[in-house]
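Novice: Here you go, this is input03.cif (mmCIF, C-alpha atoms).
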data_upload
loop_
_atom_site.label_atom_id
_atom_site.label_comp_id
_atom_site.auth_asym_id
_atom_site.auth_seq_id
_atom_site.Cartn_x
_atom_site.Cartn_y
_atom_site.Cartn_z
CA MET A 25 -84.21 28.22 -25.32
CA SER A 26 -86.57 28.85 -22.46
CA ARG A 27 -85.82 31.43 -19.83
CA ALA A 28 -85.55 28.86 -17.05
CA SER A 29 -82.82 26.95 -18.84
CA LEU A 30 -80.63 30.04 -18.67
CA PHE A 31 -80.19 29.21 -15.00
CA ILE A 32 -78.69 25.77 -15.70
CA PRO A 33 -75.07 27.03 -15.77
CA LEU A 34 -75.64 28.89 -12.51
CA GLY A 35 -77.04 25.70 -11.00
CA ILE A 36 -74.02 23.72 -12.13
CA PHE A 37 -71.73 26.40 -10.76
CA LEU A 38 -73.46 26.34 -7.38
CA LEU A 39 -73.26 22.55 -7.33
CA ILE A 40 -69.52 22.62 -7.94
CA VAL A 41 -69.04 25.33 -5.30
CA SER A 42 -71.01 23.42 -2.68
CA VAL A 43 -69.25 20.12 -3.37
CA GLY A 44 -65.92 21.95 -3.12
CA TYR A 45 -66.95 23.75 0.04
CA ILE A 46 -68.03 20.57 1.76
CA GLY A 47 -65.06 18.60 0.46
CA PHE A 48 -62.46 21.11 1.50
CA SER A 49 -63.99 21.88 4.87
CA LEU A 50 -63.90 18.21 5.89
CA ASP A 51 -60.16 18.46 6.49
CA ASN A 52 -59.72 14.74 6.84
CA ARG A 53 -56.89 14.50 4.35
CA ASN A 54 -54.56 13.24 7.05
CA GLU A 55 -56.92 10.49 8.05
CA LEU A 56 -56.63 7.21 6.29
CA PRO A 57 -59.41 4.71 6.66
CA SER A 58 -57.76 1.92 8.54
CA ALA A 59 -57.42 -1.27 6.58
CA LEU A 60 -57.12 -3.12 9.88
CA LEU A 61 -60.53 -2.16 11.25
CA HIS A 62 -62.66 -5.26 11.98
CA GLN A 63 -59.67 -7.40 11.08
CA PRO A 64 -57.70 -9.64 13.42
CA PHE A 65 -54.60 -8.04 14.88
CA PRO A 66 -51.57 -9.35 12.96
CA GLU A 67 -49.29 -12.03 14.33
CA PHE A 68 -45.98 -10.75 15.63
CA SER A 69 -43.09 -11.56 17.87
CA ALA A 70 -41.19 -8.79 19.58
CA GLY A 71 -39.14 -7.82 22.60
CA VAL A 72 -40.38 -5.98 25.66
CA LEU A 73 -39.06 -2.63 26.87
CA GLY A 74 -36.95 -2.99 30.01
CA ASP A 75 -37.15 -6.79 29.95
CA PRO A 76 -34.66 -8.06 27.35
CA ASP A 77 -35.32 -11.74 28.02
CA ARG A 78 -39.03 -11.59 27.40
CA ARG A 79 -40.67 -12.08 23.99
CA VAL A 80 -44.31 -11.31 23.39
CA SER A 81 -46.66 -12.29 20.58
CA LYS A 82 -50.27 -11.82 19.63
CA ALA A 83 -51.25 -14.37 22.29
CA ASP A 84 -50.25 -11.83 24.94
CA LEU A 85 -52.92 -9.44 23.68
CA LEU A 86 -55.80 -11.92 23.77
CA GLY A 87 -58.23 -12.91 26.52
CA ARG A 88 -59.52 -9.48 27.44
CA PRO A 89 -60.10 -6.09 25.83
CA THR A 90 -56.80 -4.43 25.05
CA MET A 91 -55.77 -1.00 23.92
CA VAL A 92 -52.57 -0.94 21.89
CA ASN A 93 -51.02 2.51 21.86
CA VAL A 94 -48.20 3.28 19.42
CA TRP A 95 -45.91 5.97 20.85
CA ALA A 96 -42.40 7.35 20.81
CA THR A 97 -40.42 9.89 22.76
CA TRP A 98 -39.77 11.89 19.56
CA CYS A 99 -43.48 12.44 19.11
CA PRO A 100 -44.88 15.59 20.75
CA THR A 101 -48.49 14.49 20.42
CA CYS A 102 -47.62 11.35 22.38
CA LYS A 103 -46.52 13.58 25.23
CA ALA A 104 -49.80 15.44 24.98
CA GLU A 105 -51.90 12.30 25.21
CA HIS A 106 -49.86 10.60 27.91
CA ALA A 107 -51.86 12.10 30.79
CA GLU A 108 -55.08 10.88 29.19
CA LEU A 109 -53.65 7.36 28.89
CA MET A 110 -52.69 7.48 32.56
CA ARG A 111 -56.24 8.50 33.35
CA ILE A 112 -57.71 5.70 31.21
CA ALA A 113 -55.46 3.17 32.93
CA GLU A 114 -56.73 4.45 36.24
CA LEU A 115 -60.41 4.62 35.32
CA SER A 116 -60.93 1.40 33.42
CA ASP A 117 -59.90 -2.22 33.49
CA VAL A 118 -58.77 -2.28 29.87
CA ARG A 119 -55.32 -3.74 29.31
CA LEU A 120 -53.08 -1.00 27.96
CA VAL A 121 -50.14 -2.17 25.89
CA GLY A 122 -47.60 0.23 24.42
CA VAL A 123 -45.72 -0.11 21.17
CA ASN A 124 -42.55 1.93 21.41
CA TYR A 125 -42.20 2.87 17.76
CA LYS A 126 -38.80 3.62 16.20
CA ASP A 127 -37.38 4.93 19.42
CA VAL A 128 -34.34 4.66 21.65
CA ALA A 129 -34.97 2.20 24.49
CA ALA A 130 -33.14 4.25 27.11
CA LYS A 131 -35.15 7.38 26.28
CA ALA A 132 -38.38 5.41 26.34
CA ARG A 133 -37.63 3.94 29.77
CA ARG A 134 -36.73 7.40 31.04
CA TRP A 135 -40.06 8.74 29.71
CA LEU A 136 -42.05 6.11 31.60
CA VAL A 137 -40.16 6.91 34.79
CA ASP A 138 -40.70 10.64 34.36
CA PHE A 139 -44.32 10.71 33.22
CA GLY A 140 -45.67 7.47 34.65
CA ASN A 141 -46.32 4.10 33.05
CA PRO A 142 -49.90 3.33 32.05
CA TYR A 143 -48.91 0.16 30.15
CA GLU A 144 -48.99 -3.44 31.25
CA PHE A 145 -45.98 -3.94 29.01
CA VAL A 146 -44.38 -2.07 26.15
CA ILE A 147 -43.52 -3.83 22.89
CA VAL A 148 -40.29 -2.66 21.29
CA ASP A 149 -40.57 -1.89 17.59
CA GLN A 150 -37.25 -0.31 16.89
CA ASP A 151 -37.21 -0.67 13.09
CA GLY A 152 -40.91 -0.01 12.52
CA GLY A 153 -41.54 -3.55 11.26
CA LEU A 154 -44.55 -4.10 13.51
CA GLY A 155 -45.67 -0.60 12.56
CA VAL A 156 -45.84 -1.65 8.90
CA GLU A 157 -47.85 -4.74 9.86
CA LEU A 158 -50.26 -2.46 11.71
CA GLY A 159 -50.48 0.10 8.93
CA VAL A 160 -49.00 2.73 11.23
CA TYR A 161 -47.86 5.87 9.42
CA GLY A 162 -47.21 8.16 12.32
CA ALA A 163 -47.44 8.23 16.05
CA PRO A 164 -49.52 8.22 18.08
CA GLU A 165 -51.97 5.61 16.90
CA THR A 166 -54.25 3.62 19.13
CA PHE A 167 -55.99 0.32 18.45
CA LEU A 168 -58.78 -1.12 20.56
CA LEU A 169 -58.94 -4.91 20.43
CA ASN A 170 -61.65 -7.15 21.78
CA ALA A 171 -60.82 -10.28 23.75
CA GLU A 172 -60.52 -12.25 20.50
CA GLY A 173 -57.86 -9.89 19.20
CA GLU A 174 -59.99 -8.20 16.57
CA VAL A 175 -59.48 -4.48 15.98
CA VAL A 176 -62.78 -2.82 16.85
CA TYR A 177 -61.61 0.79 16.77
CA LYS A 178 -58.59 2.71 15.61
CA ARG A 179 -57.55 6.24 16.37
CA VAL A 180 -54.86 8.04 14.40
CA GLY A 181 -53.62 10.97 16.43
CA GLU A 182 -54.09 12.08 19.96
CA VAL A 183 -56.34 10.26 22.40
CA ASN A 184 -57.85 13.19 24.24
CA ARG A 185 -60.80 13.74 26.50
CA ARG A 186 -63.21 14.01 23.57
CA ILE A 187 -62.04 10.75 21.99
CA TRP A 188 -62.31 9.11 25.38
CA ARG A 189 -65.83 10.36 25.94
CA ASP A 190 -67.21 9.79 22.43
CA GLU A 191 -65.30 6.79 21.15
CA LEU A 192 -63.46 4.85 23.82
CA ALA A 193 -65.61 5.00 26.95
CA PRO A 194 -68.80 3.66 25.29
CA ARG A 195 -66.87 0.84 23.64
CA LEU A 196 -65.04 -0.10 26.82
CA ALA A 197 -68.34 -0.02 28.70
CA GLN A 198 -69.87 -2.31 26.09
CA MET A 199 -66.96 -4.71 26.49
CA GLY A 200 -67.42 -4.63 30.25
CA VAL A 201 -64.12 -3.09 31.31
CA TYR A 202 -65.47 0.34 32.19
CA LYS A 203 -68.47 1.50 34.15
CA MET A 204 -70.04 4.59 32.65
CA PRO A 205 -70.70 7.27 35.23
CA ALA A 206 -74.35 7.80 36.12
CA PRO A 207 -75.93 9.42 33.10
CA GLU A 208 -76.75 13.08 33.40
CA THR A 209 -79.63 12.65 30.99
CA GLU A 210 -82.16 9.85 31.30
CA ASN A 211 -81.86 8.47 27.78
CA SER A 212 -78.39 7.01 27.89
CA THR A 213 -78.51 3.96 25.66
CA MET A 214 -75.15 2.42 26.52
CA GLY A 215 -76.05 1.56 30.09
CA SER A 216 -73.49 0.60 32.65
CA GLY A 217 -71.22 -2.24 31.68
CA ARG A 218 -71.08 -5.24 33.90
CA MET B 13 -0.26 21.68 -6.10
CA THR B 14 -2.07 19.73 -8.78
CA LEU B 15 -2.26 16.81 -6.40
CA ARG B 16 -3.88 19.01 -3.84
CA VAL B 17 -6.42 20.29 -6.35
CA LEU B 18 -7.14 16.75 -7.46
CA CYS B 19 -7.64 15.67 -3.88
CA LEU B 20 -9.99 18.55 -3.26
CA MET B 21 -11.91 17.77 -6.41
CA ALA B 22 -12.20 14.14 -5.47
CA LEU B 23 -13.38 15.09 -2.04
CA LEU B 24 -15.95 17.53 -3.39
CA THR B 25 -17.22 14.99 -5.87
CA ALA B 26 -17.56 12.43 -3.12
CA MET B 27 -19.36 14.91 -0.88
CA GLN B 28 -21.69 15.91 -3.64
CA SER B 29 -22.76 12.38 -4.40
CA TRP B 30 -23.23 11.86 -0.72
CA ALA B 31 -25.28 15.00 -0.46
CA VAL B 32 -27.61 14.48 -3.38
CA SER B 33 -28.41 10.83 -2.77
CA PRO B 34 -29.24 10.11 0.84
CA VAL B 35 -31.03 7.05 -0.48
CA ASP B 36 -30.97 3.66 1.08
CA VAL B 37 -28.35 1.28 -0.21
CA TYR B 38 -29.90 -1.98 -1.27
CA THR B 39 -28.50 -4.97 -3.04
CA PHE B 40 -30.35 -7.03 -5.59
CA ASP B 41 -29.86 -10.48 -7.06
CA SER B 42 -30.47 -9.31 -10.59
CA PRO B 43 -31.05 -6.13 -12.61
CA GLU B 44 -34.62 -7.31 -13.28
CA GLN B 45 -35.25 -7.47 -9.57
CA GLN B 46 -33.95 -3.93 -9.18
CA GLN B 47 -36.21 -2.78 -12.00
CA ARG B 48 -39.21 -4.39 -10.32
CA TYR B 49 -38.27 -2.74 -7.02
CA LYS B 50 -37.97 0.66 -8.67
CA GLY B 51 -41.27 0.21 -10.46
CA LEU B 52 -43.05 -0.83 -7.29
CA ILE B 53 -41.80 1.97 -5.06
CA ALA B 54 -42.84 4.47 -7.72
CA GLU B 55 -46.32 2.96 -7.67
CA PHE B 56 -47.26 3.45 -4.02
CA ARG B 57 -48.37 6.62 -2.37
CA CYS B 58 -46.63 7.61 0.83
CA PRO B 59 -49.25 7.41 3.61
CA LYS B 60 -47.84 10.39 5.48
CA CYS B 61 -47.15 12.88 2.75
CA LEU B 62 -50.43 13.17 0.82
CA ASN B 63 -49.11 13.26 -2.70
CA THR B 64 -45.70 11.76 -3.09
CA ASN B 65 -44.87 8.20 -3.94
CA ILE B 66 -42.74 6.22 -1.54
CA ALA B 67 -39.82 6.41 -3.96
CA GLY B 68 -39.77 10.19 -3.79
CA SER B 69 -40.35 10.76 -0.10
CA ASP B 70 -37.91 11.11 2.74
CA ALA B 71 -40.54 10.52 5.40
CA PRO B 72 -39.53 7.76 7.82
CA ILE B 73 -42.61 5.77 6.90
CA ALA B 74 -41.63 5.90 3.21
CA GLN B 75 -38.18 4.61 4.11
CA ASP B 76 -39.78 1.78 6.07
CA LEU B 77 -42.05 0.92 3.17
CA ARG B 78 -39.14 0.94 0.70
CA ARG B 79 -37.29 -1.42 3.00
CA THR B 80 -40.39 -3.58 3.25
CA VAL B 81 -40.84 -3.70 -0.53
CA HIS B 82 -37.16 -4.58 -0.91
CA ARG B 83 -37.50 -7.39 1.62
CA LEU B 84 -40.64 -8.76 -0.03
CA VAL B 85 -39.09 -8.67 -3.50
CA VAL B 86 -35.57 -9.87 -2.72
CA GLN B 87 -35.94 -12.13 0.30
CA GLU B 88 -39.51 -13.33 0.21
CA GLY B 89 -39.79 -13.58 -3.55
CA TYR B 90 -43.16 -11.86 -3.78
CA SER B 91 -44.67 -11.12 -7.18
CA ASP B 92 -45.59 -7.53 -7.99
CA GLN B 93 -49.26 -8.23 -7.34
CA GLU B 94 -48.47 -9.89 -4.02
CA VAL B 95 -46.52 -6.80 -2.94
CA ARG B 96 -49.50 -4.62 -3.90
CA ASP B 97 -51.86 -6.85 -1.94
CA PHE B 98 -49.51 -6.80 1.04
CA LEU B 99 -49.44 -3.01 1.25
CA GLN B 100 -53.12 -2.63 0.47
CA ALA B 101 -54.01 -5.04 3.27
CA ARG B 102 -52.13 -2.86 5.74
CA TYR B 103 -52.54 0.68 4.48
CA GLY B 104 -55.74 0.40 2.50
CA ASP B 105 -56.60 1.70 -0.96
CA PHE B 106 -54.92 4.98 -0.04
CA VAL B 107 -51.46 3.69 -0.92
CA LEU B 108 -52.53 2.70 -4.41
CA TYR B 109 -52.35 5.50 -6.92
CA ASN B 110 -54.48 3.36 -9.15
CA PRO B 111 -57.59 2.78 -7.07
CA PRO B 112 -59.48 -0.50 -7.54
CA PHE B 113 -63.01 -0.45 -8.88
CA ASN B 114 -65.36 -1.24 -6.02
CA SER B 115 -68.45 0.12 -4.31
CA ARG B 116 -66.53 2.82 -2.47
CA THR B 117 -64.62 4.04 -5.51
CA LEU B 118 -67.59 3.78 -7.87
CA LEU B 119 -68.00 7.54 -7.96
CA ILE B 120 -64.43 8.48 -8.87
CA TRP B 121 -64.48 6.04 -11.76
CA LEU B 122 -67.95 6.77 -13.06
CA VAL B 123 -68.24 10.55 -12.68
CA PRO B 124 -65.65 11.41 -15.37
CA LEU B 125 -67.23 8.85 -17.67
CA GLY B 126 -70.68 10.28 -16.99
CA LEU B 127 -69.48 13.83 -17.59
CA ALA B 128 -67.89 12.78 -20.89
CA ILE B 129 -71.20 11.23 -22.00
CA VAL B 130 -73.16 14.34 -20.96
CA GLY B 131 -70.67 16.52 -22.82
CA MET B 132 -71.03 14.46 -25.97
CA LEU B 133 -74.83 14.57 -25.78
CA VAL B 134 -74.74 18.35 -25.46
CA LEU B 135 -72.33 18.61 -28.38
CA PHE B 136 -74.47 16.40 -30.62
CA GLY B 137 -77.56 18.35 -29.60
CA LEU B 138 -75.96 21.63 -30.58
CA LEU B 139 -74.70 20.26 -33.89
CA ARG B 140 -78.10 18.87 -34.77
CA ARG B 141 -79.80 22.11 -33.93
CA ALA B 142 -77.32 24.05 -36.04
CA ARG B 143 -78.01 21.75 -38.98
CA GLN B 144 -81.80 22.00 -38.56
CA GLN B 145 -81.75 25.77 -38.67
CA GLN B 146 -82.89 26.56 -42.19
CA ALA B 147 -81.68 29.41 -44.24
CA VAL B 148 -84.24 32.21 -44.19
CA ASN B 149 -85.95 32.81 -47.48
CA LEU B 150 -85.96 36.42 -48.50
CA ASP B 151 -87.72 38.01 -51.40
CA GLU B 152 -85.93 40.36 -53.81
CA SER B 153 -86.76 43.63 -51.99
CA GLN B 154 -85.53 42.21 -48.69
CA ARG B 155 -82.32 41.06 -50.35
CA GLN B 156 -81.69 44.51 -51.65
CA ARG B 157 -82.18 46.02 -48.24
CA VAL B 158 -79.72 43.52 -46.74
CA ARG B 159 -77.17 44.31 -49.41
CA ALA B 160 -77.65 48.05 -48.86
CA LEU B 161 -77.16 47.58 -45.09
CA LEU B 162 -74.04 45.52 -45.61
CA GLU B 163 -72.51 48.04 -47.89
CA GLU B 164 -73.02 50.90 -45.50
#
Would you put the structure from the file into structure tokens?

Specialist:
Amino acid sequence: MSRASLFIPLGIFLLIVSVGYIGFSLDNRNELPSALLHQPFPEFSAGVLGDPDRRVSKADLLGRPTMVNVWATWCPTCKAEHAELMRIAELSDVRLVGVNYKDVAAKARRWLVDFGNPYEFVIVDQDGGLGVELGVYGAPETFLLNAEGEVVYKRVGEVNRRIWRDELAPRLAQMGVYKMPAPETENSTMGSGR
Amino acid sequence: MTLRVLCLMALLTAMQSWAVSPVDVYTFDSPEQQQRYKGLIAEFRCPKCLNTNIAGSDAPIAQDLRRTVHRLVVQEGYSDQEVRDFLQARYGDFVLYNPPFNSRTLLIWLVPLGLAIVGMLVLFGLLRRARQQQAVNLDESQRQRVRALLEE
């Protein structure tokens, strides 16, 4: 046995350690790859919060870029992201639609009065049936649909300033419902959406 | 007195069964259907709770998925495979404890196999080397020295 081959076990050990180090430092165990990404939004029929006579379906989400935000009053992270949603509604022309997920209608209406309503309308999903269709496993979750109703981006967890800047704003600009602010650096590739 | 004790016992028994099984109450058309339901909910991983199946989790999403599986089996008449496809289409491979063999899961299927092959090669190598090692031929004086050393 040559001297160099004595280092093989050490090499294997270091390999295992580095794979473990990288694997465990990723910390993405709570993130599921969405099965719905690049798939058409599922068909549904549901009621609307605060408007008991109205029914909405997938057709109500088509025609222009739409952000579907799954939220509930029992969800603290939803509270945390609400201000950001208000800001997005203000800044861009994307259609924001809420899905009130497994919640009490009265509480949800109260929430929108208290904290503001960024949504064009809010779909009521009291029993989580639409949530199952969407592959929702917690709130908040946010889906970005193009005008054809295809899911182009999905966020599990809070929509915050970073997600807006890195993920949402460039996509909305590309879809023409948001104008990127003048770039601070010259080599901005996204350009300003028309 | 005995009546009172009996009442108390009955009450306690009732409370206990209520306490230990906060499970959903579902009805089935046949025992086979119930068996299929039980088998299926044991087969899927709860999306929220990392390593529990949806049968064993109290997470709201697991309750929803149990209800969904029940609906698919009892009302919609789905086959087991159709139920699997239904959940996989919505929650991805994550919900399947038995991941399918495809380009993304290539590694988890092939690495153990590869390691087993490497291990066997190493084992065979060692065995062959052990067999090839010849006994050392010693002359009579050397033998005597060995024997003397061993007896010391």

Novice: Apply the PyMOL selection byres ((chain B) within 7 of (chain A)) to the file shown and report the selected residues as an MDAnalysis selection string.

Specialist: chainID B and resid 59:60 73 76 101:104 106

Novice: Of the candidates A:Pro164, A:Pro89, A:Gly71, A:Pro142, which one gets nearest to Leu192 of chain A if we count all atoms listed in the file?

Specialist: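 Going through A:Pro164, A:Pro89, A:Gly71, A:Pro142 one by one, the smallest distance to Leu192 of chain A is for A:Pro89.
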
Novice: Find the residues near Pro76 of chain A: any atom within 12 Å, counting all atoms listed in the file, skip ones fewer than 2 places away on the same chain, and give them as a PyMOL selection string.

Specialist: chain A and resi 70-74+78-80+129+146-148

Novice: Running the PyMOL selection byres ((chain A and resi 90-101) around 7) on this model by hand, what would come out? Give it as a CSV table (one decimal) with C-alpha atoms, keeping the file's coordinate frame.

Specialist:
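Full text of result.csv as output:
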chain,number,residue,atom,x,y,z
A,85,LEU,CA,-52.9,-9.4,23.7
A,88,ARG,CA,-59.5,-9.5,27.4
A,89,PRO,CA,-60.1,-6.1,25.8
A,102,CYS,CA,-47.6,11.4,22.4
A,103,LYS,CA,-46.5,13.6,25.2
A,104,ALA,CA,-49.8,15.4,25.0
A,105,GLU,CA,-51.9,12.3,25.2
A,118,VAL,CA,-58.8,-2.3,29.9
A,119,ARG,CA,-55.3,-3.7,29.3
A,120,LEU,CA,-53.1,-1.0,28.0
A,121,VAL,CA,-50.1,-2.2,25.9
A,122,GLY,CA,-47.6,0.2,24.4
A,123,VAL,CA,-45.7,-0.1,21.2
A,124,ASN,CA,-42.6,1.9,21.4
A,125,TYR,CA,-42.2,2.9,17.8
A,126,LYS,CA,-38.8,3.6,16.2
A,127,ASP,CA,-37.4,4.9,19.4
A,131,LYS,CA,-35.2,7.4,26.3
A,132,ALA,CA,-38.4,5.4,26.3
A,163,ALA,CA,-47.4,8.2,16.0
A,164,PRO,CA,-49.5,8.2,18.1
A,165,GLU,CA,-52.0,5.6,16.9
A,166,THR,CA,-54.2,3.6,19.1
A,167,PHE,CA,-56.0,0.3,18.4
A,168,LEU,CA,-58.8,-1.1,20.6
A,169,LEU,CA,-58.9,-4.9,20.4
A,170,ASN,CA,-61.6,-7.2,21.8
A,182,GLU,CA,-54.1,12.1,20.0

Novice: Spell out the residues picked by the PyMOL selection byres ((chain B and resi 81) around 12) here, as a ChimeraX atom specification.

Specialist: /A:153,156 /B:38,45-46,48-56,66-67,74-80,82-99

Novice: Using atom CA of Trp121 of chain B and atom CA of Phe136 of chain B as the two end points, give the distance in Å to one decimal.

Specialist: 23.7 Å
